[in-house]
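Peer 1: One structure is given below, represented as structure tokens, and several questions about it will come after.
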Amino acid sequence: MTLTEMAVEVLTCADGREKTALSHRHAARWFEARDAGEEIEIGIGAPPDFPARPERPELRDPRDVPKRKPGSPEGRIALLHAVAHIELNAVDLHWDLIARFGHVPMPPGFYDDWVRAADEESKHFNLMADCLEAKGSFYGALPAHAGMWRAASDTAEDIFGRLAVVPMVLEARGLDVTPGMIALFTKAGDAGAVDALETIYAEEVGHVAYGSKWFHFLCGRDNRDPKPLFHDLVRRYFHSTLKPPFNDEKRAEAGLPPDFYWPLTEDSDHS
Ligand SMILES: [Fe+2]
Ligand SMILES: [Fe+2]
């Protein structure tokens, strides 16, 4: 199988546990081959417009997803459910990046990074699904956000836009909000959820870093100025302003300097 065929197989698998098992298996195969100096062809992929999804959760407009108090046990289940949904989407986002842009020649390190990221998202989904099950719930028990694939659809033709919006905006946002979630589960004495979220938090820094690294690589190759291009792409493809407070420390660690994101906040003069 080519790498894009593996990616398409993950994208067209609906069940969360099966999708992530397949994702782990293909990632292991890729790294085995890389370690053995064996070549897996990248190929040209034909990814679906939308990845396959299980029958449940029911997907709703975010305005119609009931809000629950984060301090209550139900609220914490809802929060873990929302994170599980984000992680499953992230598995598909990384495999879609591989499948959709197979025609853009990239060095092998590009595939190493995104296969690793997809592998880690698969672990993250299972960590969240395990936490939900430990609490008597499960992924699919609650309604979930319907608009998650929009960033992928909007940037299906533009690898620069995809890298700008997915890892460098959406995953960077994860770095901003995860410490607050860890604090909330710490306060609730939920060591299992804290451990899982700590793992996610540590690994997400890497995903943002891959985004920044490959965005800059492509800019260098095409002789484009990264910062103004990033601002243009986020304004074109991301349908909102960026919201502080930002986790400046982790963003910097991931190669995302403040002058990339501050000009995209509401209060900026967009200069
Ligand atoms: Fe993740
Ligand atoms: Fe991620």
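To be explicit about the labels: the chains of the structure tokens are called A, B, and onward in the order shown, and within each one the residues are counted from 1, while ligands get numbers from 1 in the order they are shown.
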Kindly provide the residues of range 152-228 of chain A that approach range 84-105 of chain A to within 10 Å, each paired with its closest atom pair and their distance in Å to one decimal, based on only C-alpha atoms, listed by chain and increasing number, as a tab-separated table.
Peer 2:
```
residue	atom	partner	partner_atom	distance
A:Ala152	CA	A:Leu93	CA	7.0
A:Thr155	CA	A:Leu97	CA	9.9
A:Ala156	CA	A:Arg100	CA	7.1
A:Glu157	CA	A:Arg100	CA	8.3
A:Asp158	CA	A:Phe101	CA	8.6
A:Ile159	CA	A:Phe101	CA	6.9
A:Arg162	CA	A:Leu97	CA	7.8
A:Leu163	CA	A:Leu97	CA	8.7
A:Val166	CA	A:Leu93	CA	8.0
A:Pro167	CA	A:His94	CA	9.4
A:Leu170	CA	A:Ala90	CA	10.0
A:Glu171	CA	A:Ala90	CA	8.9
A:Gly174	CA	A:Ile86	CA	9.9
A:Ile200	CA	A:Glu87	CA	9.5
A:His207	CA	A:His94	CA	9.7
```
Peer 1: Using only C-alpha atoms, determine which residues lie at most 10 Å from Phe217 in chain A, disregarding the query and same-chain residues fewer than 4 positions distant; provide the list as a list in words.
Peer 2: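 In the requested form, the answer reads Met106, Phe110, Gly211, Ser212, Lys213, Arg221, Asp222, Asn223 and Pro226 of chain A.
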Peer 1: Hey, can you spit out that residue selection with C-alpha atoms as a CSV table (one decimal), in the first residue's frame?
Peer 2:
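And here's out.csv as it stands now:
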```csv
chain,number,residue,atom,x,y,z
A,106,MET,CA,7.8,16.9,0.2
A,110,PHE,CA,7.2,15.8,6.4
A,211,GLY,CA,2.9,23.1,11.4
A,212,SER,CA,5.3,26.0,11.9
A,213,LYS,CA,8.3,24.0,10.6
A,221,ARG,CA,11.0,27.0,-1.1
A,222,ASP,CA,8.6,29.4,-2.8
A,223,ASN,CA,10.4,32.5,-1.7
A,226,PRO,CA,6.0,33.7,6.1
```
Peer 1: Find the residues around Phe238 in chain A up to 12 Å (only C-alpha atoms counted), leave out those fewer than 5 positions away in its own chain, and share them as a PyMOL selection string.
Peer 2: chain A and resi 150-155+161-166+168-170+230-233+264-265
Peer 1: Write out as a ChimeraX atom specification the residues lying within 10 Å of Arg56 in chain A, counting only C-alpha atoms and excluding same-chain residues fewer than 2 positions away.
Peer 2: /A:15,53-54,58-59,139-144
Peer 1: Using only C-alpha atoms for the distances, tell me which of A:Ala252, A:Arg173, A:Trp114, A:Arg76 is nearest to Gly189 in chain A.
Peer 2: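 For Gly189 in chain A, the nearest of the candidates is A:Arg76.
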Peer 1: From a DSSP pass on the backbone, collect the residues of range 127-206 of chain A flagged as helix (DSSP H, G or I) and hand them back as JSON, numbers by chain.
Peer 2: {"A": [127, 128, 129, 130, 131, 132, 133, 134, 147, 148, 149, 150, 151, 152, 153, 154, 159, 160, 161, 162, 163, 164, 165, 166, 167, 168, 169, 170, 171, 172, 173, 174, 175, 176, 177, 178, 179, 180, 181, 182, 183, 184, 185, 186, 187, 191, 192, 193, 194, 195, 196, 197, 198, 199, 200, 201, 202, 203, 204, 205, 206]}
Peer 1: Just give me the gap between CA of Gly147 in chain A and CA of Ala172 in chain A in Å, one decimal is fine.
Peer 2: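 Those two atoms sit 18.2 Å apart.
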Peer 1: If you run DSSP on the backbone here, which positions in range 32-242 of chain A get strand (DSSP E or B)? Please write them as a list in words.
Peer 2: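 Across range 32-242 of chain A, those assigned strand (DSSP E or B) are Leu59, Arg60, Ala144, His145 and Leu242 of chain A.
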